[in-house]
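Here the structure is laid out as structure tokens; the discussion comes afterwards.
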Amino acid sequence: MKKLITLLTILFISSTFAQQRLIAIKGAVTDTIANTLEQAIEIAQTGDKIYLPGGYFTHTPVITKQVHIIGTGFQDGQNVTGKTTISGNLTLGAGANGSTFEGFYLTEYFIPTVAIENITIKRCNMLGVPPYYSTINNSYFINCVVRENLHLGTYELGQGNYVLNSIVPYIAYTKNSTIKNCIISNSIGALDNVTVQDNIFGKTSDCLLLSVSSNITFVNNIIPQTCLTGYSDSGIISEANLIGFGTINTLFVNATDFSFNPLFNFQLLPSILATSPNAASCGIFSGDYPWKVGSLPIIPNIEQNNSYLDAQNQTFKLNVKVVPQTH
């Protein structure tokens, strides 16, 4: 009878684990699991990796330690059991410098409550960074989809930032930075000493693509044909290889606007590559972090396989497998 009760207990616990969206925390001294993102961040030691499976998670406290949060991706894929979604804002406080956030859909914003240094946000879909909070410095935004704006500073500009291979409506308030291989649906502004290179600008309502800026290097960007003159009200110190396009139908293989849609293909048409060879280095499919051809960025999706309860040692064994997203 005792053996039967023990067996039923193990089966119940195993079933409970199987039904939960378990979060793995891995680090130099940490190797455990949590049931909520808040619990995982509380458990994590500085520098630990937190692996989120597909599903919905929330976290309301300010993040005050260096953590690396990795999800399955911001869009369903072949090797994903549902995308990872974090509901609400992720608020960054003192101590969050050096953190990494990768592979999830954030329903709201990243909010810096103090000057934040050396963070990396990769392969995330988010509203962005709102204005009037604090500065973000020496940080990377790579393969991201921003649904609203990236305000990287306030009246004091952020500095040393890189926005690379991302889809962004508006970027502002940074200096000594680089904006490269992005699709920018609206404009950029309030910049100083920034290199703007190999981007595609989609704004057609007017031609003010760059405003209230200084010391801007504007090189090899694709902009509307009607904006080849008059696209900036200030700040250009170096300009080269402007490439004009007529309509969006003459630019991309398959897209009806400049915002993210998993059904769009933002590869450039052969016709524009034939007439403007320099266009080959423009957009999200070129540069140092190209998106996968005809697809989303490659995302290190996390599969939790071969997990089991070791009842004798009272531990739960969790193997984490990393696989690439294929579509």
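Ligands are numbered from 1 in the order shown, chains are lettered A, B, ... in the order of the structure tokens, and residues start at 1 in each chain.
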Report task. For A:Asn143, work out the shell of residues within 12 Å, counting only C-alpha atoms and skipping chain neighbours fewer than 5 positions away, then give it as a ChimeraX atom specification. Result -> /A:73-74,101-104,120-126,162-168,180-183,260,283-292,295-299
Report task. Among the residues of stretch 139-321 of chain A, find those DSSP assigns to helix (DSSP H, G or I) from the backbone and print them as an NGL selection string. Result -> :A and (225-227 or 248-250 or 270-275 or 277-281)
Go ahead and save the picked residues with N, CA, C and O atoms, as a compact mmCIF listing (two decimals), in the first residue's frame.
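Writing the result to part00.txt gives the following:
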# COMPACT_ATOMS: atom_id res chain seq x y z
N GLN A 225 11.36 58.18 -53.72
CA GLN A 225 11.92 58.96 -54.82
C GLN A 225 11.61 60.45 -54.67
O GLN A 225 12.44 61.31 -54.95
N THR A 226 10.41 60.74 -54.19
CA THR A 226 10.00 62.14 -54.06
C THR A 226 10.74 62.86 -52.94
O THR A 226 10.63 64.09 -52.82
N CYS A 227 11.50 62.12 -52.11
CA CYS A 227 12.20 62.72 -50.98
C CYS A 227 13.71 62.79 -51.17
O CYS A 227 14.45 63.06 -50.21
N ILE A 248 5.80 51.07 -52.79
CA ILE A 248 6.24 49.87 -52.07
C ILE A 248 6.19 48.64 -52.97
O ILE A 248 6.97 47.70 -52.80
N ASN A 249 5.31 48.65 -53.95
CA ASN A 249 5.20 47.51 -54.88
C ASN A 249 6.42 47.38 -55.77
O ASN A 249 6.67 46.31 -56.34
N THR A 250 7.19 48.46 -55.90
CA THR A 250 8.41 48.41 -56.72
C THR A 250 9.65 48.15 -55.87
O THR A 250 10.76 48.15 -56.40
N PRO A 270 14.36 42.08 -57.59
CA PRO A 270 15.51 42.09 -58.51
C PRO A 270 15.61 43.37 -59.33
O PRO A 270 16.71 43.81 -59.67
N SER A 271 14.48 43.99 -59.63
CA SER A 271 14.50 45.19 -60.47
C SER A 271 15.23 46.34 -59.79
O SER A 271 16.01 47.06 -60.44
N ILE A 272 15.02 46.54 -58.48
CA ILE A 272 15.72 47.63 -57.81
C ILE A 272 17.19 47.29 -57.60
O ILE A 272 18.06 48.16 -57.63
N LEU A 273 17.49 46.01 -57.43
CA LEU A 273 18.89 45.60 -57.31
C LEU A 273 19.63 45.78 -58.63
O LEU A 273 20.83 46.09 -58.65
N ALA A 274 18.92 45.59 -59.74
CA ALA A 274 19.55 45.75 -61.05
C ALA A 274 19.86 47.21 -61.35
O ALA A 274 20.92 47.53 -61.90
N THR A 275 18.94 48.09 -60.98
CA THR A 275 19.14 49.52 -61.28
C THR A 275 20.01 50.21 -60.24
O THR A 275 20.65 51.22 -60.53
N PRO A 277 22.74 48.77 -57.68
CA PRO A 277 23.49 47.67 -57.05
C PRO A 277 23.78 47.89 -55.57
O PRO A 277 23.83 46.92 -54.80
N ASN A 278 23.96 49.14 -55.15
CA ASN A 278 24.24 49.40 -53.74
C ASN A 278 23.07 49.04 -52.83
O ASN A 278 23.23 48.91 -51.62
N ALA A 279 21.88 48.88 -53.41
CA ALA A 279 20.71 48.52 -52.62
C ALA A 279 20.85 47.14 -52.00
O ALA A 279 20.17 46.82 -51.01
N ALA A 280 21.72 46.31 -52.54
CA ALA A 280 21.88 44.94 -52.03
C ALA A 280 22.30 44.91 -50.57
O ALA A 280 22.05 43.92 -49.86
N SER A 281 22.93 45.97 -50.08
CA SER A 281 23.37 45.99 -48.68
C SER A 281 22.34 46.65 -47.77
O SER A 281 22.60 46.82 -46.57
Using only C-alpha atoms, what does the table of stretch 91-191 of chain A residues within 12 Å of stretch 48-62 of chain A look like, with each row giving the shortest atom pair and its distance in Å to one decimal, sorted by chain and ascending number, as CSV?
residue,atom,partner,partner_atom,distance
A:Thr91,CA,A:Val62,CA,5.0
A:Leu92,CA,A:Val62,CA,5.7
A:Gly93,CA,A:Val62,CA,5.9
A:Ala94,CA,A:Val62,CA,8.9
A:Gly95,CA,A:Val62,CA,10.0
A:Ala96,CA,A:Val62,CA,9.1
A:Gly98,CA,A:Asp48,CA,11.4
A:Ser99,CA,A:Asp48,CA,9.6
A:Thr100,CA,A:Lys49,CA,8.9
A:Phe101,CA,A:Ile50,CA,9.7
A:Glu102,CA,A:Tyr51,CA,9.7
A:Gly103,CA,A:Leu52,CA,9.1
A:Phe104,CA,A:Leu52,CA,8.7
A:Tyr105,CA,A:Tyr56,CA,9.4
A:Leu106,CA,A:Phe57,CA,9.6
A:Thr107,CA,A:Thr58,CA,10.0
A:Glu108,CA,A:Thr58,CA,11.0
A:Tyr109,CA,A:Thr60,CA,11.9
A:Phe110,CA,A:Val62,CA,10.8
A:Ile111,CA,A:Val62,CA,9.4
A:Pro112,CA,A:Val62,CA,9.4
A:Thr113,CA,A:Val62,CA,8.6
A:Val114,CA,A:Val62,CA,10.9
Requested in this report: Run DSSP on the backbone of this structure and report the residues of stretch 41-284 of chain A it assigns to strand (DSSP E or B), as a ChimeraX atom specification.
Outcome: /A:49-51,55-58,63,68-70,84-87,90-92,100-102,105-106,109-112,116-117,120-122,125-129,136-137,140-142,145-151,158-159,162-164,167-180,183-197,200-201,210-211,214-219,222-224,232,236-240,243-245,252-254,265-268
Report task. Would you kindly return, as a ChimeraX atom specification, each protein, DNA or RNA residue with an atom no farther than 12 Å from any atom of A:Asp206, considering only C-alpha atoms and excluding same-chain residues fewer than 4 positions away? Result -> /A:186-187,201-202,210,223-232
Could you turn the residues from that selection into a file that holds all heavy atoms, as an mmCIF file, in the first residue's frame?
data_model
loop_
_atom_site.group_PDB
_atom_site.id
_atom_site.type_symbol
_atom_site.label_atom_id
_atom_site.label_comp_id
_atom_site.auth_asym_id
_atom_site.auth_seq_id
_atom_site.Cartn_x
_atom_site.Cartn_y
_atom_site.Cartn_z
ATOM 1 N N ASN A 186 8.632 55.520 -40.268
ATOM 2 C CA ASN A 186 8.321 56.936 -40.111
ATOM 3 C C ASN A 186 9.585 57.776 -40.273
ATOM 4 O O ASN A 186 9.935 58.169 -41.369
ATOM 5 C CB ASN A 186 7.644 57.184 -38.758
ATOM 6 C CG ASN A 186 6.990 58.548 -38.670
ATOM 7 O OD1 ASN A 186 7.316 59.455 -39.423
ATOM 8 N ND2 ASN A 186 6.052 58.692 -37.753
ATOM 9 N N SER A 187 10.306 58.048 -39.175
ATOM 10 C CA SER A 187 11.443 58.960 -39.278
ATOM 11 C C SER A 187 12.381 58.768 -38.093
ATOM 12 O O SER A 187 12.135 57.947 -37.207
ATOM 13 C CB SER A 187 10.952 60.413 -39.327
ATOM 14 O OG SER A 187 10.226 60.728 -38.146
ATOM 15 N N PHE A 201 13.702 53.708 -45.657
ATOM 16 C CA PHE A 201 12.726 54.612 -45.062
ATOM 17 C C PHE A 201 11.426 54.534 -45.859
ATOM 18 O O PHE A 201 11.432 54.630 -47.085
ATOM 19 C CB PHE A 201 13.247 56.049 -45.074
ATOM 20 C CG PHE A 201 14.334 56.321 -44.074
ATOM 21 C CD1 PHE A 201 15.647 55.963 -44.341
ATOM 22 C CD2 PHE A 201 14.044 56.931 -42.863
ATOM 23 C CE1 PHE A 201 16.656 56.216 -43.419
ATOM 24 C CE2 PHE A 201 15.040 57.189 -41.934
ATOM 25 C CZ PHE A 201 16.351 56.828 -42.209
ATOM 26 N N GLY A 202 10.304 54.415 -45.146
ATOM 27 C CA GLY A 202 9.039 54.234 -45.836
ATOM 28 C C GLY A 202 8.071 55.391 -45.753
ATOM 29 O O GLY A 202 6.991 55.328 -46.339
ATOM 30 N N LEU A 210 14.419 63.008 -41.379
ATOM 31 C CA LEU A 210 15.430 63.271 -40.354
ATOM 32 C C LEU A 210 15.237 64.693 -39.856
ATOM 33 O O LEU A 210 15.243 65.636 -40.646
ATOM 34 C CB LEU A 210 16.831 63.095 -40.939
ATOM 35 C CG LEU A 210 18.012 63.544 -40.083
ATOM 36 C CD1 LEU A 210 18.131 62.686 -38.828
ATOM 37 C CD2 LEU A 210 19.307 63.485 -40.890
ATOM 38 N N ILE A 223 15.171 55.643 -49.868
ATOM 39 C CA ILE A 223 14.109 56.535 -49.417
ATOM 40 C C ILE A 223 13.146 56.766 -50.581
ATOM 41 O O ILE A 223 13.472 56.473 -51.738
ATOM 42 C CB ILE A 223 14.674 57.879 -48.901
ATOM 43 C CG1 ILE A 223 15.281 58.698 -50.042
ATOM 44 C CG2 ILE A 223 15.720 57.636 -47.820
ATOM 45 C CD1 ILE A 223 15.750 60.081 -49.602
ATOM 46 N N PRO A 224 11.944 57.284 -50.313
ATOM 47 C CA PRO A 224 11.015 57.550 -51.417
ATOM 48 C C PRO A 224 11.634 58.477 -52.467
ATOM 49 O O PRO A 224 12.343 59.432 -52.134
ATOM 50 C CB PRO A 224 9.826 58.217 -50.721
ATOM 51 C CG PRO A 224 9.869 57.682 -49.325
ATOM 52 C CD PRO A 224 11.331 57.557 -48.995
ATOM 53 N N GLN A 225 11.362 58.183 -53.720
ATOM 54 C CA GLN A 225 11.921 58.961 -54.823
ATOM 55 C C GLN A 225 11.606 60.448 -54.674
ATOM 56 O O GLN A 225 12.444 61.306 -54.952
ATOM 57 C CB GLN A 225 11.350 58.441 -56.154
ATOM 58 C CG GLN A 225 11.948 59.061 -57.398
ATOM 59 C CD GLN A 225 13.332 58.512 -57.711
ATOM 60 O OE1 GLN A 225 13.599 57.338 -57.474
ATOM 61 N NE2 GLN A 225 14.210 59.359 -58.232
ATOM 62 N N THR A 226 10.411 60.741 -54.195
ATOM 63 C CA THR A 226 10.000 62.143 -54.056
ATOM 64 C C THR A 226 10.743 62.865 -52.940
ATOM 65 O O THR A 226 10.632 64.088 -52.820
ATOM 66 C CB THR A 226 8.488 62.220 -53.778
ATOM 67 O OG1 THR A 226 8.183 61.394 -52.637
ATOM 68 C CG2 THR A 226 7.694 61.729 -54.979
ATOM 69 N N CYS A 227 11.503 62.117 -52.114
ATOM 70 C CA CYS A 227 12.201 62.719 -50.978
ATOM 71 C C CYS A 227 13.714 62.787 -51.172
ATOM 72 O O CYS A 227 14.447 63.062 -50.215
ATOM 73 C CB CYS A 227 11.896 61.934 -49.704
ATOM 74 S SG CYS A 227 10.149 61.863 -49.278
ATOM 75 N N LEU A 228 14.186 62.529 -52.378
ATOM 76 C CA LEU A 228 15.632 62.540 -52.594
ATOM 77 C C LEU A 228 16.238 63.908 -52.298
ATOM 78 O O LEU A 228 17.419 64.021 -51.981
ATOM 79 C CB LEU A 228 15.954 62.107 -54.025
ATOM 80 C CG LEU A 228 15.753 60.607 -54.309
ATOM 81 C CD1 LEU A 228 16.012 60.298 -55.772
ATOM 82 C CD2 LEU A 228 16.656 59.756 -53.418
ATOM 83 N N THR A 229 15.442 64.940 -52.402
ATOM 84 C CA THR A 229 15.856 66.258 -51.925
ATOM 85 C C THR A 229 14.861 66.699 -50.861
ATOM 86 O O THR A 229 13.661 66.442 -50.968
ATOM 87 C CB THR A 229 15.880 67.289 -53.069
ATOM 88 O OG1 THR A 229 14.579 67.372 -53.656
ATOM 89 C CG2 THR A 229 16.898 66.898 -54.127
ATOM 90 N N GLY A 230 15.378 67.306 -49.804
ATOM 91 C CA GLY A 230 14.503 67.823 -48.763
ATOM 92 C C GLY A 230 14.083 66.821 -47.716
ATOM 93 O O GLY A 230 13.092 67.030 -47.017
ATOM 94 N N TYR A 231 14.829 65.724 -47.553
ATOM 95 C CA TYR A 231 14.432 64.713 -46.569
ATOM 96 C C TYR A 231 14.864 65.072 -45.151
ATOM 97 O O TYR A 231 14.465 64.419 -44.190
ATOM 98 C CB TYR A 231 15.009 63.348 -46.943
ATOM 99 C CG TYR A 231 16.517 63.255 -46.883
ATOM 100 C CD1 TYR A 231 17.158 62.925 -45.697
ATOM 101 C CD2 TYR A 231 17.295 63.504 -48.006
ATOM 102 C CE1 TYR A 231 18.541 62.850 -45.636
ATOM 103 C CE2 TYR A 231 18.665 63.431 -47.958
ATOM 104 C CZ TYR A 231 19.288 63.103 -46.766
ATOM 105 O OH TYR A 231 20.658 63.037 -46.704
ATOM 106 N N SER A 232 15.713 66.104 -45.001
ATOM 107 C CA SER A 232 16.216 66.475 -43.678
ATOM 108 C C SER A 232 16.108 67.976 -43.475
ATOM 109 O O SER A 232 16.291 68.757 -44.415
ATOM 110 C CB SER A 232 17.677 66.042 -43.537
ATOM 111 O OG SER A 232 18.231 66.544 -42.336
#
Query raised in the report: Could you work out how far atom CA of A:Asn138 lies from atom CA of A:Ser234, giving the answer in Å with one decimal?
Result: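 Interatomic distance here is 24.8 Å.
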Query raised in the report: Which residues come within 12 Å of A:Leu191, counting only C-alpha atoms, excluding same-chain residues fewer than 5 positions away, as a ChimeraX atom specification?
Result: /A:151-161,170-179,196,210-217,234-236
Can I get the selection written as a tab-separated table (two decimals), in the first residue's frame, with N, CA and C atoms?
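What ended up in out-v4.tsv:
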chain	number	residue	atom	x	y	z
A	151	HIS	N	12.81	55.63	-27.89
A	151	HIS	CA	13.35	56.86	-27.31
A	151	HIS	C	14.50	56.44	-26.39
A	152	LEU	N	15.73	56.62	-26.85
A	152	LEU	CA	16.88	56.10	-26.13
A	152	LEU	C	17.45	57.10	-25.13
A	153	GLY	N	16.78	58.22	-24.98
A	153	GLY	CA	17.18	59.21	-24.01
A	153	GLY	C	16.04	60.17	-23.73
A	154	THR	N	16.37	61.24	-23.05
A	154	THR	CA	15.39	62.29	-22.75
A	154	THR	C	15.97	63.58	-23.31
A	155	TYR	N	15.92	64.65	-22.52
A	155	TYR	CA	16.63	65.86	-22.93
A	155	TYR	C	18.13	65.62	-22.85
A	156	GLU	N	18.53	64.65	-22.06
A	156	GLU	CA	19.90	64.14	-22.09
A	156	GLU	C	19.90	62.92	-23.00
A	157	LEU	N	20.71	62.97	-24.05
A	157	LEU	CA	20.68	61.90	-25.03
A	157	LEU	C	21.35	60.64	-24.51
A	158	GLY	N	20.78	59.48	-24.88
A	158	GLY	CA	21.52	58.25	-24.71
A	158	GLY	C	22.73	58.26	-25.63
A	159	GLN	N	23.64	57.32	-25.45
A	159	GLN	CA	24.83	57.34	-26.30
A	159	GLN	C	25.39	55.94	-26.49
A	160	GLY	N	26.14	55.80	-27.60
A	160	GLY	CA	26.83	54.55	-27.88
A	160	GLY	C	25.92	53.39	-28.22
A	161	ASN	N	24.74	53.67	-28.78
A	161	ASN	CA	23.77	52.61	-29.05
A	161	ASN	C	23.83	52.13	-30.50
A	170	TYR	N	10.10	54.82	-35.39
A	170	TYR	CA	10.74	56.09	-35.05
A	170	TYR	C	11.86	55.85	-34.04
A	171	ILE	N	13.01	56.49	-34.25
A	171	ILE	CA	14.16	56.38	-33.35
A	171	ILE	C	14.61	57.78	-32.99
A	172	ALA	N	14.86	58.02	-31.69
A	172	ALA	CA	15.21	59.38	-31.27
A	172	ALA	C	16.06	59.38	-30.01
A	173	TYR	N	16.70	60.53	-29.78
A	173	TYR	CA	17.38	60.87	-28.53
A	173	TYR	C	18.58	59.96	-28.24
A	174	THR	N	19.50	59.89	-29.19
A	174	THR	CA	20.75	59.18	-28.93
A	174	THR	C	21.88	59.87	-29.70
A	175	LYS	N	23.10	59.70	-29.22
A	175	LYS	CA	24.27	60.27	-29.87
A	175	LYS	C	25.38	59.22	-29.94
A	176	ASN	N	26.36	59.51	-30.80
A	176	ASN	CA	27.51	58.60	-30.96
A	176	ASN	C	27.02	57.16	-31.19
A	177	SER	N	26.06	57.01	-32.08
A	177	SER	CA	25.36	55.74	-32.24
A	177	SER	C	25.30	55.34	-33.72
A	178	THR	N	24.77	54.14	-33.97
A	178	THR	CA	24.64	53.62	-35.33
A	178	THR	C	23.24	53.07	-35.54
A	179	ILE	N	22.62	53.45	-36.65
A	179	ILE	CA	21.33	52.89	-37.08
A	179	ILE	C	21.58	52.27	-38.44
A	196	VAL	N	23.82	56.71	-40.07
A	196	VAL	CA	22.56	56.15	-40.56
A	196	VAL	C	22.88	55.52	-41.91
A	210	LEU	N	14.42	63.01	-41.38
A	210	LEU	CA	15.43	63.27	-40.35
A	210	LEU	C	15.24	64.69	-39.86
A	211	SER	N	15.07	64.86	-38.53
A	211	SER	CA	14.78	66.19	-38.01
A	211	SER	C	15.57	66.48	-36.73
A	212	VAL	N	15.79	67.76	-36.48
A	212	VAL	CA	16.37	68.29	-35.24
A	212	VAL	C	17.61	67.49	-34.83
A	213	SER	N	18.54	67.34	-35.74
A	213	SER	CA	19.72	66.52	-35.49
A	213	SER	C	20.97	67.26	-35.94
A	214	SER	N	22.13	66.70	-35.57
A	214	SER	CA	23.41	67.30	-35.95
A	214	SER	C	24.45	66.21	-36.17
A	215	ASN	N	25.41	66.50	-37.03
A	215	ASN	CA	26.55	65.62	-37.27
A	215	ASN	C	26.12	64.22	-37.71
A	216	ILE	N	25.24	64.17	-38.70
A	216	ILE	CA	24.70	62.90	-39.17
A	216	ILE	C	25.42	62.46	-40.44
A	217	THR	N	25.86	61.20	-40.45
A	217	THR	CA	26.39	60.57	-41.65
A	217	THR	C	25.28	59.72	-42.25
A	234	SER	N	18.03	69.35	-40.99
A	234	SER	CA	19.26	69.77	-40.32
A	234	SER	C	20.22	68.61	-40.18
A	235	GLY	N	21.50	68.94	-40.00
A	235	GLY	CA	22.41	67.99	-39.40
A	235	GLY	C	23.24	67.10	-40.28
A	236	ILE	N	23.05	67.08	-41.60
A	236	ILE	CA	23.81	66.17	-42.44
A	236	ILE	C	25.22	66.71	-42.64
Query raised in the report: Quick one: distance from atom CA of A:Ser205 to atom CA of A:Thr247 in Å, one decimal?
Result: 12.5 Å
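Coordinates place atom CA of A:Gly27 at a distance of 8.0 Å from atom CA of A:Ala44.
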Query - Residues near A:Ile41, cut-off 9 Å, only C-alpha atoms, skip fewer than 5 positions along chain, as number ranges by chain - result: A: 25, 36, 50, 63, 65, 67, 69
Could you dump the residues just selected with C-alpha atoms as a tab-separated table (two decimals), in the first residue's frame?
chain	number	residue	atom	x	y	z
A	25	ILE	CA	17.25	28.96	-14.54
A	36	THR	CA	6.59	32.18	-12.71
A	50	ILE	CA	16.32	32.28	-17.61
A	63	ILE	CA	14.51	44.29	-12.46
A	65	LYS	CA	20.03	42.49	-11.29
A	67	VAL	CA	19.74	38.57	-15.99
A	69	ILE	CA	15.89	36.17	-20.32
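Closest approach to A:Cys144 among A:Gln75, A:Ile243, A:Lys203, A:Gly47 is made by A:Gln75 (distances from only C-alpha atoms).
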